[in-house]
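Have a look at the structure below before the remarks.
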Amino acid sequence: MMAIVIPIAFALVAAAVAMTFWRLLRGPSAPDRILALDTLYVNTIALLVLLGIHLDSPLYFEAALLIALMGFVGTVALCKYLLRGDIIE
């Protein structure tokens with residue numbers, strides 16, 4: 001069953017990545033682009049977790065945690081810059 005489900009999940013998450021990347025490029029405003037970038041991080045984490053399950057390797061789960069951390073910090077920094085115009089007070 002996993003042999004059928006994993007490729008389907010890869011395809012669906014890859015489609016979500018493509019649509020999110022399109023929104024990142026075409027976003028009408030800066031908050032839309034920040035939200036698209038945050039969603040892109042989440043989709044990338046999903047792809048890494050799927051790859052880790054497919055290859056049965058814990059290394060991909062650690063990479064997913066690192067990307068989650070960088071995504072959170074990046075989103076907070078971009079939002080703070082958008083609201084205040086400065087990141088470091």
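Each chain in the structure tokens gets a letter, A, B, ..., in the order shown, and its residues are numbered from 1; ligands are numbered from 1 in order too.
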Subject >> Distance query stretch 1-18 of chain A at most 10 Å, only C-alpha atoms, self and fewer than 6 positions along chain excluded, as a list in words >> reply: Leu24, Ala36, Thr39, Leu40, Tyr41, Val42, Asn43, Thr44, Ala46, Leu47, Leu48, Leu50, Leu51, Ile53 and His54 of chain A
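Excluding stretch 65-70 of chain A itself and any same-chain residue fewer than 3 positions from it, the protein and nucleic acid residues within 7 Å of it, counting only C-alpha atoms, are Tyr41, Ile45, Phe61, Glu62, Val73 and Gly74 of chain A.
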Original post:
atom CA of A:Lys80 and atom CA of A:Pro28, how far apart in Å?
Top reply: 19.3 Å
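In this model, the gap between atom CA of A:Ile88 and atom CA of A:Ala30 comes to 19.6 Å.
The coordinates place atom CA of A:Pro31 at 16.0 Å from atom CA of A:Ile87.
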